[in-house]
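Peer 1: Contents of my_file_38.pdb (PDB, C-alpha atoms) are given next:
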ATOM      1  CA  MET Z   1      70.887  92.559 164.051
ATOM      2  CA  ALA Z   2      70.216  95.840 162.271
ATOM      3  CA  ASP Z   3      70.889  96.106 158.541
ATOM      4  CA  PRO Z   4      74.202  97.847 157.839
ATOM      5  CA  VAL Z   5      74.551 101.474 156.795
ATOM      6  CA  GLY Z   6      77.611 103.353 155.608
ATOM      7  CA  ALA Z   7      79.599 105.195 158.261
ATOM      8  CA  PHE Z   8      82.972 106.741 159.005
ATOM      9  CA  ARG Z   9      85.373 104.442 160.796
ATOM     10  CA  ASP Z  10      85.450 106.754 163.833
ATOM     11  CA  ASP Z  11      85.148 110.435 164.764
ATOM     12  CA  ALA Z  12      88.767 111.156 163.867
ATOM     13  CA  ALA Z  13      88.241 109.645 160.421
ATOM     14  CA  ARG Z  14      85.198 111.841 159.864
ATOM     15  CA  ALA Z  15      87.182 114.927 160.907
ATOM     16  CA  ARG Z  16      89.992 114.084 158.468
ATOM     17  CA  PHE Z  17      87.511 113.602 155.646
ATOM     18  CA  LEU Z  18      85.695 116.870 156.364
ATOM     19  CA  LEU Z  19      88.982 118.758 156.309
ATOM     20  CA  ALA Z  20      89.679 117.442 152.796
ATOM     21  CA  PHE Z  21      86.068 118.106 151.806
ATOM     22  CA  ASP Z  22      86.192 121.731 152.918
ATOM     23  CA  ARG Z  23      89.327 122.305 150.852
ATOM     24  CA  ALA Z  24      87.745 120.733 147.786
ATOM     25  CA  MET Z  25      84.659 122.938 148.173
ATOM     26  CA  SER Z  26      86.833 125.961 147.342
ATOM     27  CA  SER Z  27      85.688 125.352 143.739
ATOM     28  CA  TRP Z  28      82.193 126.465 144.721
ATOM     29  CA  PRO Z  29      80.907 130.044 144.690
ATOM     30  CA  ASP Z  30      79.348 131.528 147.842
ATOM     31  CA  ARG Z  31      76.952 129.019 149.354
ATOM     32  CA  THR Z  32      74.774 128.213 152.318
ATOM     33  CA  ASP Z  33      74.828 124.801 154.015
ATOM     34  CA  HIS Z  34      72.025 123.170 155.946
ATOM     35  CA  THR Z  35      70.619 119.759 156.781
ATOM     36  CA  VAL Z  36      67.295 118.067 156.154
ATOM     37  CA  GLN Z  37      65.987 115.373 158.460
ATOM     38  CA  THR Z  38      64.530 112.371 156.641
ATOM     39  CA  SER Z  39      63.369 108.984 157.820
ATOM     40  CA  TYR Z  40      66.643 107.569 156.434
ATOM     41  CA  GLY Z  41      68.904 109.967 158.299
ATOM     42  CA  ARG Z  42      70.241 113.498 158.147
ATOM     43  CA  THR Z  43      70.889 114.827 154.629
ATOM     44  CA  ALA Z  44      73.337 117.661 153.993
ATOM     45  CA  VAL Z  45      72.486 120.250 151.343
ATOM     46  CA  SER Z  46      74.504 123.110 149.871
ATOM     47  CA  ALA Z  47      72.913 125.923 147.887
ATOM     48  CA  SER Z  48      74.113 128.877 145.862
ATOM     49  CA  THR Z  49      73.199 132.131 147.544
ATOM     50  CA  ALA Z  50      71.640 134.009 144.644
ATOM     51  CA  ALA Z  51      67.841 133.738 144.469
ATOM     52  CA  ARG Z  52      66.451 133.601 140.916
ATOM     53  CA  ASP Z  53      63.000 133.469 139.339
ATOM     54  CA  ARG Z  54      63.612 130.350 137.296
ATOM     55  CA  THR Z  55      63.039 126.812 138.526
ATOM     56  CA  PRO Z  56      65.989 125.747 140.713
ATOM     57  CA  ALA Z  57      68.354 122.884 139.920
ATOM     58  CA  LEU Z  58      69.398 120.081 142.239
ATOM     59  CA  LEU Z  59      72.657 118.213 141.600
ATOM     60  CA  LEU Z  60      73.532 114.649 142.591
ATOM     61  CA  PRO Z  61      77.187 113.487 142.702
ATOM     62  CA  GLY Z  62      78.726 110.254 141.480
ATOM     63  CA  GLY Z  63      79.306 107.259 143.711
ATOM     64  CA  GLY Z  64      82.300 107.584 146.002
ATOM     65  CA  SER Z  65      82.478 111.235 145.024
ATOM     66  CA  THR Z  66      81.225 114.468 146.597
ATOM     67  CA  ILE Z  67      79.368 117.586 145.539
ATOM     68  CA  ALA Z  68      82.710 119.437 145.329
ATOM     69  CA  ALA Z  69      83.003 118.303 141.696
ATOM     70  CA  TRP Z  70      79.947 120.405 140.840
ATOM     71  CA  GLY Z  71      81.605 123.721 141.795
ATOM     72  CA  PRO Z  72      82.349 125.037 138.270
ATOM     73  CA  PHE Z  73      78.877 124.029 137.112
ATOM     74  CA  VAL Z  74      77.188 125.807 140.000
ATOM     75  CA  ARG Z  75      79.108 128.951 139.005
ATOM     76  CA  ALA Z  76      77.808 128.644 135.442
ATOM     77  CA  TRP Z  77      74.178 127.816 136.212
ATOM     78  CA  GLU Z  78      73.585 130.113 139.198
ATOM     79  CA  THR Z  79      73.404 133.084 136.836
ATOM     80  CA  ASP Z  80      69.948 131.811 135.789
ATOM     81  CA  ARG Z  81      68.661 129.874 138.806
ATOM     82  CA  GLN Z  82      69.444 128.875 142.364
ATOM     83  CA  VAL Z  83      71.429 125.646 142.465
ATOM     84  CA  PHE Z  84      71.287 123.027 145.231
ATOM     85  CA  ALA Z  85      73.472 119.950 145.694
ATOM     86  CA  VAL Z  86      72.853 117.003 147.994
ATOM     87  CA  ASP Z  87      75.350 114.767 149.796
ATOM     88  CA  THR Z  88      73.986 111.326 148.957
ATOM     89  CA  ILE Z  89      73.277 109.682 152.267
ATOM     90  CA  TRP Z  90      75.059 106.352 151.642
ATOM     91  CA  ASP Z  91      78.419 107.880 150.621
ATOM     92  CA  ALA Z  92      81.225 109.670 152.436
ATOM     93  CA  GLY Z  93      80.050 113.200 153.093
ATOM     94  CA  ARG Z  94      78.273 115.372 155.614
ATOM     95  CA  SER Z  95      75.053 113.343 155.534
ATOM     96  CA  VAL Z  96      74.471 110.697 158.211
ATOM     97  CA  GLN Z  97      72.567 107.533 157.274
ATOM     98  CA  THR Z  98      70.536 105.759 159.946
ATOM     99  CA  ARG Z  99      68.345 103.412 157.884
ATOM    100  CA  PRO Z 100      69.158 101.201 154.873
ATOM    101  CA  LEU Z 101      68.070 102.014 151.332
ATOM    102  CA  PRO Z 102      68.279  98.581 149.679
ATOM    103  CA  THR Z 103      66.375  99.342 146.456
ATOM    104  CA  GLY Z 104      65.326 102.152 144.165
ATOM    105  CA  VAL Z 105      62.030 102.422 146.039
ATOM    106  CA  GLU Z 106      63.783 103.612 149.198
ATOM    107  CA  VAL Z 107      66.194 105.819 147.255
ATOM    108  CA  ALA Z 108      63.264 107.628 145.635
ATOM    109  CA  ALA Z 109      61.518 108.003 148.997
ATOM    110  CA  TRP Z 110      64.687 109.478 150.545
ATOM    111  CA  LEU Z 111      65.099 112.013 147.737
ATOM    112  CA  GLU Z 112      61.420 112.946 147.866
ATOM    113  CA  GLU Z 113      61.709 113.619 151.595
ATOM    114  CA  THR Z 114      64.842 115.663 150.946
ATOM    115  CA  LEU Z 115      63.073 117.803 148.343
ATOM    116  CA  ASP Z 116      60.222 118.290 150.820
ATOM    117  CA  GLY Z 117      62.695 119.393 153.477
ATOM    118  CA  ILE Z 118      64.359 121.896 151.159
ATOM    119  CA  GLY Z 119      60.945 123.177 150.129
ATOM    120  CA  LEU Z 120      61.280 122.674 146.364
ATOM    121  CA  GLU Z 121      57.953 122.342 144.563
ATOM    122  CA  LYS Z 122      59.575 122.045 141.119
ATOM    123  CA  VAL Z 123      63.184 121.244 140.302
ATOM    124  CA  HIS Z 124      65.556 120.400 137.478
ATOM    125  CA  LEU Z 125      67.332 117.213 138.567
ATOM    126  CA  VAL Z 126      70.892 116.715 137.295
ATOM    127  CA  GLY Z 127      72.910 113.629 138.230
ATOM    128  CA  PHE Z 128      76.350 112.364 137.287
ATOM    129  CA  SER Z 129      77.330 108.676 137.205
ATOM    130  CA  TYR Z 130      75.672 106.977 140.192
ATOM    131  CA  GLY Z 131      73.786 110.240 140.726
ATOM    132  CA  GLY Z 132      72.543 109.895 137.155
ATOM    133  CA  TRP Z 133      70.915 106.618 138.125
ATOM    134  CA  VAL Z 134      69.397 108.274 141.201
ATOM    135  CA  ALA Z 135      67.950 110.969 138.919
ATOM    136  CA  LEU Z 136      66.478 108.412 136.503
ATOM    137  CA  ASN Z 137      65.157 106.380 139.404
ATOM    138  CA  GLN Z 138      63.354 109.461 140.695
ATOM    139  CA  LEU Z 139      61.988 110.152 137.238
ATOM    140  CA  VAL Z 140      60.364 106.727 136.876
ATOM    141  CA  ARG Z 141      59.083 106.544 140.463
ATOM    142  CA  ASN Z 142      58.239 110.106 141.621
ATOM    143  CA  PRO Z 143      58.198 112.457 138.599
ATOM    144  CA  ALA Z 144      55.541 114.938 139.740
ATOM    145  CA  ARG Z 145      57.849 117.747 140.869
ATOM    146  CA  LEU Z 146      60.562 117.241 138.245
ATOM    147  CA  GLN Z 147      60.721 120.010 135.659
ATOM    148  CA  SER Z 148      63.436 118.180 133.737
ATOM    149  CA  VAL Z 149      66.049 115.488 134.301
ATOM    150  CA  THR Z 150      69.611 115.254 133.020
ATOM    151  CA  ALA Z 151      71.438 111.950 133.565
ATOM    152  CA  ILE Z 152      75.161 112.095 132.782
ATOM    153  CA  GLU Z 153      76.805 108.690 132.344
ATOM    154  CA  PRO Z 154      74.257 106.734 134.474
ATOM    155  CA  PRO Z 155      75.685 103.233 135.029
ATOM    156  CA  GLY Z 156      73.370 100.240 134.965
ATOM    157  CA  SER Z 157      70.320 102.303 134.015
ATOM    158  CA  LEU Z 158      70.339 102.090 130.219
ATOM    159  CA  ALA Z 159      72.137  98.773 129.751
ATOM    160  CA  GLY Z 160      74.088  96.369 131.916
ATOM    161  CA  ILE Z 161      77.482  97.461 133.208
ATOM    162  CA  PRO Z 162      80.149  95.564 131.202
ATOM    163  CA  TRP Z 163      81.649  92.611 133.073
ATOM    164  CA  ARG Z 164      85.184  94.002 132.662
ATOM    165  CA  THR Z 165      84.090  97.089 134.573
ATOM    166  CA  TRP Z 166      82.557  94.971 137.345
ATOM    167  CA  ALA Z 167      85.842  93.090 137.586
ATOM    168  CA  ARG Z 168      87.886  96.284 137.875
ATOM    169  CA  MET Z 169      85.495  97.622 140.510
ATOM    170  CA  LEU Z 170      85.809  94.431 142.564
ATOM    171  CA  LEU Z 171      89.601  94.527 142.405
ATOM    172  CA  MET Z 172      89.504  98.175 143.472
ATOM    173  CA  LEU Z 173      87.226  97.470 146.434
ATOM    174  CA  LEU Z 174      89.432  94.616 147.615
ATOM    175  CA  GLY Z 175      92.728  96.343 146.900
ATOM    176  CA  ASP Z 176      94.934  98.968 148.477
ATOM    177  CA  GLU Z 177      95.299 102.668 147.701
ATOM    178  CA  GLU Z 178      97.560 102.004 144.725
ATOM    179  CA  ARG Z 179      94.839  99.809 143.208
ATOM    180  CA  TYR Z 180      92.298 102.567 143.845
ATOM    181  CA  LEU Z 181      94.454 105.140 142.046
ATOM    182  CA  SER Z 182      94.869 102.770 139.124
ATOM    183  CA  TYR Z 183      91.101 102.330 138.972
ATOM    184  CA  LEU Z 184      90.499 106.090 139.074
ATOM    185  CA  SER Z 185      92.916 106.631 136.218
ATOM    186  CA  TRP Z 186      91.278 103.878 134.171
ATOM    187  CA  VAL Z 187      87.791 105.278 134.730
ATOM    188  CA  ARG Z 188      88.920 108.786 133.799
ATOM    189  CA  GLY Z 189      90.614 107.924 130.528
ATOM    190  CA  GLY Z 190      94.153 107.720 131.918
ATOM    191  CA  LYS Z 191      94.093 110.912 134.001
ATOM    192  CA  LEU Z 192      94.003 111.412 137.754
ATOM    193  CA  PRO Z 193      92.395 114.505 139.271
ATOM    194  CA  GLU Z 194      94.638 117.089 140.880
ATOM    195  CA  SER Z 195      94.494 118.202 144.503
ATOM    196  CA  PRO Z 196      92.289 119.068 146.297
ATOM    197  CA  ALA Z 197      89.845 116.982 144.211
ATOM    198  CA  LEU Z 198      92.045 113.898 144.508
ATOM    199  CA  ASP Z 199      92.568 114.440 148.225
ATOM    200  CA  VAL Z 200      88.864 114.277 149.039
ATOM    201  CA  LEU Z 201      88.410 111.119 146.937
ATOM    202  CA  LEU Z 202      91.292 109.449 148.776
ATOM    203  CA  ALA Z 203      89.926 110.609 152.115
ATOM    204  CA  GLY Z 204      86.577 109.010 151.311
ATOM    205  CA  LYS Z 205      88.302 105.766 150.407
ATOM    206  CA  ARG Z 206      90.430 105.736 153.582
ATOM    207  CA  GLU Z 207      87.999 107.003 156.174
ATOM    208  CA  PHE Z 208      84.544 105.742 155.178
ATOM    209  CA  ALA Z 209      83.156 102.204 155.240
ATOM    210  CA  PRO Z 210      80.330 101.921 152.667
ATOM    211  CA  ARG Z 211      77.714  99.305 153.500
ATOM    212  CA  GLY Z 212      74.447  98.419 151.846
ATOM    213  CA  THR Z 213      74.853 100.857 148.947
ATOM    214  CA  PRO Z 214      71.795 100.405 146.690
ATOM    215  CA  ARG Z 215      72.624  98.869 143.326
ATOM    216  CA  PRO Z 216      71.562 100.782 140.186
ATOM    217  CA  GLU Z 217      68.469  99.352 138.541
ATOM    218  CA  ARG Z 218      67.813  99.252 134.823
ATOM    219  CA  VAL Z 219      64.942 101.344 133.456
ATOM    220  CA  THR Z 220      62.376  98.958 131.989
ATOM    221  CA  THR Z 221      60.813  99.230 128.551
ATOM    222  CA  ALA Z 222      57.451 100.100 130.104
ATOM    223  CA  GLN Z 223      59.042 102.845 132.217
ATOM    224  CA  TRP Z 224      60.771 104.356 129.168
ATOM    225  CA  ARG Z 225      57.481 104.453 127.294
ATOM    226  CA  ASP Z 226      55.652 106.088 130.200
ATOM    227  CA  LEU Z 227      58.051 109.040 130.452
ATOM    228  CA  ARG Z 228      56.474 112.480 130.163
ATOM    229  CA  THR Z 229      59.135 114.668 131.791
ATOM    230  CA  PRO Z 230      61.818 116.189 129.512
ATOM    231  CA  LEU Z 231      64.952 114.045 129.772
ATOM    232  CA  THR Z 232      68.492 114.390 128.453
ATOM    233  CA  VAL Z 233      70.996 111.549 128.697
ATOM    234  CA  VAL Z 234      74.711 112.317 128.224
ATOM    235  CA  ILE Z 235      77.099 109.486 127.338
ATOM    236  CA  GLY Z 236      80.871 109.462 126.933
ATOM    237  CA  GLY Z 237      82.052 107.699 123.812
ATOM    238  CA  ARG Z 238      85.008 106.209 125.698
ATOM    239  CA  SER Z 239      83.036 105.232 128.805
ATOM    240  CA  HIS Z 240      83.743 101.948 130.574
ATOM    241  CA  PHE Z 241      80.370 102.093 132.349
ATOM    242  CA  VAL Z 242      77.741 102.856 129.709
ATOM    243  CA  PRO Z 243      78.167 100.708 126.581
ATOM    244  CA  ARG Z 244      77.468 102.288 123.223
ATOM    245  CA  ARG Z 245      74.609  99.856 122.586
ATOM    246  CA  ALA Z 246      72.713 101.823 125.228
ATOM    247  CA  VAL Z 247      72.421 104.763 122.818
ATOM    248  CA  ALA Z 248      70.539 102.761 120.208
ATOM    249  CA  ALA Z 249      68.403 101.099 122.875
ATOM    250  CA  VAL Z 250      67.222 104.401 124.344
ATOM    251  CA  ARG Z 251      66.602 105.995 120.961
ATOM    252  CA  ARG Z 252      64.599 102.976 119.845
ATOM    253  CA  THR Z 253      62.537 102.610 123.017
ATOM    254  CA  ALA Z 254      62.103 106.278 123.974
ATOM    255  CA  PRO Z 255      62.566 108.455 120.871
ATOM    256  CA  SER Z 256      61.483 111.599 122.729
ATOM    257  CA  VAL Z 257      64.520 111.381 125.036
ATOM    258  CA  ARG Z 258      67.450 113.561 124.027
ATOM    259  CA  VAL Z 259      70.654 111.503 123.907
ATOM    260  CA  GLU Z 260      73.969 113.327 123.532
ATOM    261  CA  VAL Z 261      77.197 111.418 122.936
ATOM    262  CA  PHE Z 262      80.570 113.085 123.461
ATOM    263  CA  PRO Z 263      82.829 110.810 121.402
ATOM    264  CA  HIS Z 264      86.093 111.682 123.139
ATOM    265  CA  ALA Z 265      84.783 111.717 126.719
ATOM    266  CA  SER Z 266      85.458 108.990 129.265
ATOM    267  CA  HIS Z 267      83.094 108.176 132.120
ATOM    268  CA  ALA Z 268      84.443 111.388 133.707
ATOM    269  CA  ALA Z 269      82.456 113.528 131.282
ATOM    270  CA  LEU Z 270      82.297 116.436 133.743
ATOM    271  CA  VAL Z 271      86.092 116.676 133.517
ATOM    272  CA  ASP Z 272      86.492 115.841 129.838
ATOM    273  CA  GLU Z 273      83.743 118.115 128.467
ATOM    274  CA  PRO Z 274      82.965 120.715 131.161
ATOM    275  CA  ASP Z 275      82.122 123.647 128.895
ATOM    276  CA  ALA Z 276      79.976 121.540 126.579
ATOM    277  CA  ILE Z 277      78.034 120.139 129.535
ATOM    278  CA  LYS Z 278      77.577 123.579 131.092
ATOM    279  CA  ASN Z 279      76.102 124.850 127.831
ATOM    280  CA  LEU Z 280      74.067 121.742 127.047
ATOM    281  CA  VAL Z 281      72.445 121.398 130.464
ATOM    282  CA  GLY Z 282      72.015 125.147 130.914
ATOM    283  CA  SER Z 283      70.185 125.448 127.580
ATOM    284  CA  PHE Z 284      68.099 122.351 128.307
ATOM    285  CA  MET Z 285      66.934 123.708 131.659
ATOM    286  CA  GLU Z 286      66.193 127.097 130.142
ATOM    287  CA  GLY Z 287      64.183 125.508 127.343
ATOM    288  CA  THR Z 288      62.015 123.491 129.688
ATOM    289  CA  ASP Z 289      61.493 126.563 131.860
ATOM    290  CA  ASP Z 290      60.246 128.412 128.796
ATOM    291  CA  ALA Z 291      57.968 125.512 127.871
ATOM    292  CA  ARG Z 292      56.431 125.599 131.345
ATOM    293  CA  HIS Z 293      55.752 129.317 131.158
ATOM    294  CA  ALA Z 294      54.507 129.265 127.552
TER     295      ALA Z 294
END
Rewrite the structure from the file as structure tokens, please.

Peer 2:
Amino acid sequence: MADPVGAFRDDAARARFLLAFDRAMSSWPDRTDHTVQTSYGRTAVSASTAARDRTPALLLPGGGSTIAAWGPFVRAWETDRQVFAVDTIWDAGRSVQTRPLPTGVEVAAWLEETLDGIGLEKVHLVGFSYGGWVALNQLVRNPARLQSVTAIEPPGSLAGIPWRTWARMLLMLLGDEERYLSYLSWVRGGKLPESPALDVLLAGKREFAPRGTPRPERVTTAQWRDLRTPLTVVIGGRSHFVPRRAVAAVRRTAPSVRVEVFPHASHAALVDEPDAIKNLVGSFMEGTDDARHA
């Protein structure tokens, strides 16, 4: 029997999800959409339309989320560089998974093939939440084409996810829609997103059956010490996913890594501190561009 992969429950479910997705993508500026064929399936990519001289950025969404959440950030960063965003292949989205990705090794191989398919020789990689782990995973396994990496609230990468969070996640996965909404509010510091952002999250929960999602892996001490690519880690001071002890651990093990803590931000740092993150990440990318050209 073949190993399981995530999939929509049926064609009608996929159509309902894509309708909600298209509405949520109204937050994006003008874009082009295309797909990249990888050995793990078909990967959907969206890109801002303006071509720029600077190194492009590639954005990775959080788990159970979509690239729609990146819309305001694409608007901010496309003034300096072209911005791409990838539908992670194991989540609800336009990508279609055909082969399992059980560990970080396969996740890195999938992303490397995706970058090949887009044709990006160098890229700034920016990931939020689960996408932050994917970005760090790429950094420690295939760093050659990465100009910089920004990991925003990466769960399980810097320190273990607190057991209370695991418990809430399990209850959410086993519960109904009301339980899911309660979980979302808890993760986001007591606030639910508004439509159409909430609609696409609910559509993913209703219509998609996730299977075999790779579990985030902790960066080892040796991997931290081997880092050569510029890296910024952003942590919310009120996060339920990244404990504060992770800050001291990273600063002690990898003092060259920039760690920024937003004291009043929850795990949903993109929502709680959007302007600060736009400025922080934009300046970081610009600085590493300048270092490359110096």

Peer 1: What's the 10 Å shell around Val200 of chain Z, counting all atoms listed in the file, without same-chain residues fewer than 3 positions away, as an mmCIF file with C-alpha atoms, keeping the file's coordinate frame?

Peer 2:
data_model
loop_
_atom_site.group_PDB
_atom_site.id
_atom_site.type_symbol
_atom_site.label_atom_id
_atom_site.label_comp_id
_atom_site.auth_asym_id
_atom_site.auth_seq_id
_atom_site.Cartn_x
_atom_site.Cartn_y
_atom_site.Cartn_z
ATOM 1 C CA ARG Z 16 89.992 114.084 158.468
ATOM 2 C CA PHE Z 17 87.511 113.602 155.646
ATOM 3 C CA LEU Z 18 85.695 116.870 156.364
ATOM 4 C CA LEU Z 19 88.982 118.758 156.309
ATOM 5 C CA ALA Z 20 89.679 117.442 152.796
ATOM 6 C CA PHE Z 21 86.068 118.106 151.806
ATOM 7 C CA ASP Z 22 86.192 121.731 152.918
ATOM 8 C CA ARG Z 23 89.327 122.305 150.852
ATOM 9 C CA ALA Z 24 87.745 120.733 147.786
ATOM 10 C CA MET Z 25 84.659 122.938 148.173
ATOM 11 C CA GLY Z 64 82.300 107.584 146.002
ATOM 12 C CA SER Z 65 82.478 111.235 145.024
ATOM 13 C CA THR Z 66 81.225 114.468 146.597
ATOM 14 C CA ALA Z 68 82.710 119.437 145.329
ATOM 15 C CA ALA Z 92 81.225 109.670 152.436
ATOM 16 C CA GLY Z 93 80.050 113.200 153.093
ATOM 17 C CA SER Z 195 94.494 118.202 144.503
ATOM 18 C CA PRO Z 196 92.289 119.068 146.297
ATOM 19 C CA ALA Z 197 89.845 116.982 144.211
ATOM 20 C CA ALA Z 203 89.926 110.609 152.115
ATOM 21 C CA GLY Z 204 86.577 109.010 151.311
ATOM 22 C CA LYS Z 205 88.302 105.766 150.407
ATOM 23 C CA ARG Z 206 90.430 105.736 153.582
#

Peer 1: Which residues would end up in the selection if the PyMOL selection byres ((chain Z and resi 134) around 8) were applied here, given that I need the answer as a list in words?

Peer 2: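 When the PyMOL selection byres ((chain Z and resi 134) around 8) is applied, the selected residues are Leu60, Gly104, Val107, Ala108, Gly127, Tyr130, Gly131, Gly132, Trp133, Ala135, Leu136, Asn137, Gln138 and Pro216 of chain Z.
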
Peer 1: Once the PyMOL selection byres ((chain Z and resi 112) around 12) has been applied to the shown file, what residues remain in the selection, as a PyMOL selection string?

Peer 2: chain Z and resi 36-40+43+105-111+113-123+125+134-135+137-139+141-146

Peer 1: Have a look at Z:Gly190, Z:Pro102, Z:Pro255, Z:Pro61 and name the one nearest to Arg228 of chain Z; count all atoms listed in the file.

Peer 2: Z:Pro255

Peer 1: List as a ChimeraX atom specification the protein and nucleic acid residues near Ser148 of chain Z, meaning an atom at most 12 Å away when all atoms listed in the file are counted, but skip any in the same chain fewer than 6 places from it.

Peer 2: /Z:55-58,122-127,135-136,138-139,227-233,257-258,281-292

Peer 1: One decimal, in Å: what's the spacing between atom CA of Gly63 of chain Z and atom CA of Trp90 of chain Z?

Peer 2: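 A separation of 9.0 Å between them.
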
Peer 1: Using only C-alpha atoms, which residues sit within 10 Å of Lys191 of chain Z once same-chain residues fewer than 4 positions away are excluded, as a PyMOL selection string?

Peer 2: chain Z and resi 181-182+184-187+268+271-272

Peer 1: Just the residues within 8 Å of Val259 of chain Z, please, counting all atoms listed in the file, with nothing from its chain fewer than 6 positions along; format it as a PyMOL selection string.

Peer 2: chain Z and resi 232-235+247+250-251

Peer 1: What does the distance between atom CA of Gly71 of chain Z and atom CA of Ala47 of chain Z come to in Å, to one decimal place?

Peer 2: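 Between these atoms lies a distance of 10.8 Å.
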
Peer 1: Can you measure atom CA of Arg179 of chain Z to atom CA of Val5 of chain Z for me? One decimal in Å is fine.

Peer 2: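 Pair atom CA of Arg179 of chain Z / atom CA of Val5 of chain Z returns 24.5 Å.
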
Peer 1: Give the answer as one residue: which of Z:Val149, Z:Leu192, Z:Ala249, Z:Ala76 has the shortest atom-to-atom distance to Val219 of chain Z, using only C-alpha atoms?

Peer 2: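 Smallest distance to Val219 of chain Z is found for Z:Ala249.
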
Peer 1: Here is a test: counting all atoms listed in the file, which residue of Z:Gly62, Z:Pro210, Z:Gly189, Z:Pro263 is nearest to Phe128 of chain Z?

Peer 2: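 Comparing Z:Gly62, Z:Pro210, Z:Gly189, Z:Pro263 against Phe128 of chain Z, the winner is Z:Gly62.
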
Peer 1: List the spatial neighbours of Pro29 of chain Z as a list in words - criterion: any atom at most 12 Å away, all atoms listed in the file, same-chain residues fewer than 5 positions off excluded.

Peer 2: Ala24, Ser46, Ala47, Ser48, Thr49, Ala50, Ala68, Trp70, Gly71, Pro72, Phe73, Val74, Arg75, Ala76, Trp77, Glu78, Thr79, Gln82, Val83 and Phe84 of chain Z

Peer 1: I need the residue nearest Arg42 of chain Z from this list: Z:Val96, Z:Leu280, Z:Ala167, Z:Ala209. Use all atoms listed in the file for the distance.

Peer 2: Z:Val96

Peer 1: Which residue gives the smallest distance to Glu217 of chain Z among Z:Gly160, Z:Gly236, Z:Leu270, Z:Thr35, with all atoms listed in the file counted?

Peer 2: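 Among Z:Gly160, Z:Gly236, Z:Leu270, Z:Thr35, it is Z:Gly160 that comes nearest to Glu217 of chain Z.
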
Peer 1: Taking the file as shown, what set of residues would the PyMOL selection byres ((chain Z and resi 243) around 10) give back, as a list in words?

Peer 2: Glu153, Pro155, Gly156, Leu158, Ala159, Gly160, Ile161, Pro162, Ile235, Gly236, Gly237, Arg238, Ser239, His240, Phe241, Val242, Arg244, Arg245, Ala246 and Val247 of chain Z

Peer 1: Calculated over only C-alpha atoms, which of the candidates Z:Arg94, Z:Arg99, Z:Arg9, Z:Arg81 has the smallest distance to Thr213 of chain Z?

Peer 2: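 For Thr213 of chain Z, the nearest of the candidates is Z:Arg99.
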